[in-house]
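Trainee: If you scroll down you'll find the structure; I have some questions about it.
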Amino acid sequence: MSLILVVSVFAMACPLLSAALALDLDKSTATCTRTSSENNRRSFVRDAASISFGAATTAVLPACAPSSLISPSFADAANAISANEASQSYDTYAATYDELDGGAAASALGIDAARSALLSKAKGRVLEIGVGTGLNVNKYKFSNKASATDSNDNEGVTSLTLVDISDGMLDEARAKISALNLPQHIQVEFLRADATSQLVQLFGKNSFDTVVDTFSLCVMGNEGAKNCLLQMRDVVKDQDGRILLIENTRSSNPLLGLYQDATADAASQVGGKGCIYNQDVTGMIQWTPGLAIEAEDAFAAGLFRSYVCRKNKS
């Protein structure tokens with residue numbers, strides 16, 4: 001789900017929420033400007049605001065309570081869509097998806113900068129799950145060596161395996177890869193698969209130097225996201241392997257966090273493409289046995305976060 005949609009819902013549903021957001025965001029990122037390409041977004045924002053306003057009002061009233069009294073337990077209430085529903089939905093969205101998750105608004109929110117900074121760390125044999133339309137592919141630094149074999153030489157990505165549940169999304173990603181005119185020694189593979197259950201089966205354990213996901217865990221639901229983290233942990237290499245994530249998360253602003261809790265179901269069902277946008281991703285990673293957070297950065301009042309994870313050496 002696009003963070004542009006998230007911020008738009010906040011801003012339109014309640015002026016108080018918009019003010020709270022402005023306190024946490026730089027002024028240049030607090031306002032999302034509509035363009036002619038955002039028609040699909042308008043109906044979602046209007047409908048989500050209407051559906052969730054009553055619940056949001058209830059959530060806003062006690063929002064001045066100390067942050068220690070505010071619990072993220074509501075995150076478990078939202079329902080995820082099934083893998084089959086996700087496949088069908090994203091096949092439909094594929095052709096216009098970049099209008100929601102890319103462009104000037106994404107840049108203003110810091111999404112593009114976060115992608116570039118995180119994906120510059122990818123190297124060696126790389127697996128990206130939930131590749132979608134391929135918004136990340138031009139952010140990778142590809143190796144110039146035709147026979148690069150040492151994943152620790154910091155020469156960049158030597159091969160790229162792109163996985164998604166949607167054939168339509170994979171078609172869009174293929175077009176972006178083709179436009180990059182990559183050297184022939186960079187092997188690129190596209191595969192339709194369910195990242196919550198099939199990664200180990202398809203690739204085996206300790207197979208990739210880097211595993212990447214951006215904004216996919218929320219669509220899998222809380223249990224699906226936990227299963228996906230287990231799959232990613234198993235396919236990344238024990239030695240020097242890294243998992244790079246950018247995810248929608250529950251805001252570190254107490255007021256926005258409560259609003260996310262109150263509206264997670266409505267936003268997911270009305271126009272959020274099944275995304276549960278108030279997940280405690282940090283907690284999920286910490287819950288995953290054998291996985292540790294090496295670095296974590298929060299953006300846009302904590303509405304999304306980037307993570308660098310590794311396997312525990314113990």
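The chains in the structure tokens are called A, B, ... from first to last as shown; in each chain the residues are counted from 1, and the ligands are counted from 1 in the order shown.
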Excluding same-chain residues fewer than 4 positions from Ser143 in chain A, what lies within 9 Å of it counting only C-alpha atoms, as a CSV table (one decimal) with C-alpha atoms, in the first residue's frame?
Mentor:
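File produced: out23.csv:
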chain,number,residue,atom,x,y,z
A,123,LYS,CA,25.5,-7.2,-3.1
A,124,GLY,CA,26.2,-10.6,-4.5
A,148,ALA,CA,32.4,-11.8,-9.8
A,154,ASN,CA,31.6,-5.0,-2.4
A,155,GLU,CA,31.3,-4.9,-6.2
A,156,GLY,CA,27.6,-4.8,-6.2
A,157,VAL,CA,24.8,-7.1,-7.3
A,158,THR,CA,25.9,-10.1,-9.4
A,159,SER,CA,22.5,-11.7,-9.9
A,185,HIS,CA,26.9,-11.2,-17.0
A,186,ILE,CA,24.1,-10.0,-14.7
Trainee: Per residue of range 108-196 of chain A within 10 Å of range 219-227 of chain A, which atom pair is closest and at what distance in Å (one decimal), using only C-alpha atoms, listed by chain and increasing number, as JSON lines?
Mentor:
{"residue": "A:Gly130", "atom": "CA", "partner": "A:Val219", "partner_atom": "CA", "distance": 9.7}
{"residue": "A:Asp194", "atom": "CA", "partner": "A:Met220", "partner_atom": "CA", "distance": 9.8}
{"residue": "A:Ala195", "atom": "CA", "partner": "A:Asn227", "partner_atom": "CA", "distance": 8.5}
{"residue": "A:Thr196", "atom": "CA", "partner": "A:Asn227", "partner_atom": "CA", "distance": 5.2}
Trainee: Based on the selection just made, write all heavy atoms of those residues as a PDB file, in the first residue's frame.
Mentor:
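Saved file selection-v3.pdb follows:
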ATOM      1  N   GLY A 130       8.201  -9.783  -3.424  1.00  0.00           N
ATOM      2  CA  GLY A 130       7.216  -8.721  -3.598  1.00  0.00           C
ATOM      3  C   GLY A 130       7.753  -7.620  -4.475  1.00  0.00           C
ATOM      4  O   GLY A 130       7.554  -6.436  -4.185  1.00  0.00           O
ATOM      5  N   ASP A 194       4.766 -17.574  -3.689  1.00  0.00           N
ATOM      6  CA  ASP A 194       4.262 -17.065  -2.416  1.00  0.00           C
ATOM      7  C   ASP A 194       5.422 -17.007  -1.435  1.00  0.00           C
ATOM      8  O   ASP A 194       5.938 -18.039  -0.999  1.00  0.00           O
ATOM      9  CB  ASP A 194       3.155 -17.991  -1.895  1.00  0.00           C
ATOM     10  CG  ASP A 194       2.515 -17.495  -0.612  1.00  0.00           C
ATOM     11  OD1 ASP A 194       3.053 -16.551   0.007  1.00  0.00           O
ATOM     12  OD2 ASP A 194       1.477 -18.055  -0.209  1.00  0.00           O
ATOM     13  N   ALA A 195       5.826 -15.809  -1.080  1.00  0.00           N
ATOM     14  CA  ALA A 195       7.004 -15.629  -0.228  1.00  0.00           C
ATOM     15  C   ALA A 195       6.757 -16.015   1.222  1.00  0.00           C
ATOM     16  O   ALA A 195       7.705 -16.074   2.005  1.00  0.00           O
ATOM     17  CB  ALA A 195       7.488 -14.183  -0.295  1.00  0.00           C
ATOM     18  N   THR A 196       5.520 -16.282   1.592  1.00  0.00           N
ATOM     19  CA  THR A 196       5.241 -16.698   2.966  1.00  0.00           C
ATOM     20  C   THR A 196       5.493 -18.186   3.185  1.00  0.00           C
ATOM     21  O   THR A 196       5.540 -18.640   4.319  1.00  0.00           O
ATOM     22  CB  THR A 196       3.786 -16.387   3.369  1.00  0.00           C
ATOM     23  OG1 THR A 196       2.892 -17.220   2.624  1.00  0.00           O
ATOM     24  CG2 THR A 196       3.446 -14.925   3.120  1.00  0.00           C
TER      25      THR A 196
END
Trainee: Within 6 Å of range 131-135 of chain A, counting only C-alpha atoms, which residues qualify if same-chain residues fewer than 6 places away don't, as JSON, numbers by chain?
Mentor: {"A": [162, 163, 164, 169, 172, 173]}
Trainee: Would you pick out the contacts of Gln279 in chain A at 7 Å or less, using only C-alpha atoms, so that residues sharing its chain but fewer than 2 positions from it are not included, and give the list as a PyMOL selection string?
Mentor: chain A and resi 75+218+249-250+276-277+281
Trainee: In Å, with one decimal, what is the gap from CA of Gly110 in chain A to CA of Val211 in chain A?
Mentor: 21.7 Å
Trainee: Please determine, counting only C-alpha atoms, which residue among A:Leu109, A:Ile285, A:Ile165, A:Ala175 has the shortest atom-to-atom distance to Val137 in chain A.
Mentor: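 Between A:Leu109, A:Ile285, A:Ile165, A:Ala175, the residue approaching Val137 in chain A most closely is A:Ala175.
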Trainee: As an exercise, work out the distance from CA of Leu245 in chain A to CA of Leu119 in chain A in Å and give it to one decimal place.
Mentor: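 Taking CA of Leu245 in chain A as the start and CA of Leu119 in chain A as the end point, the length is 9.2 Å.
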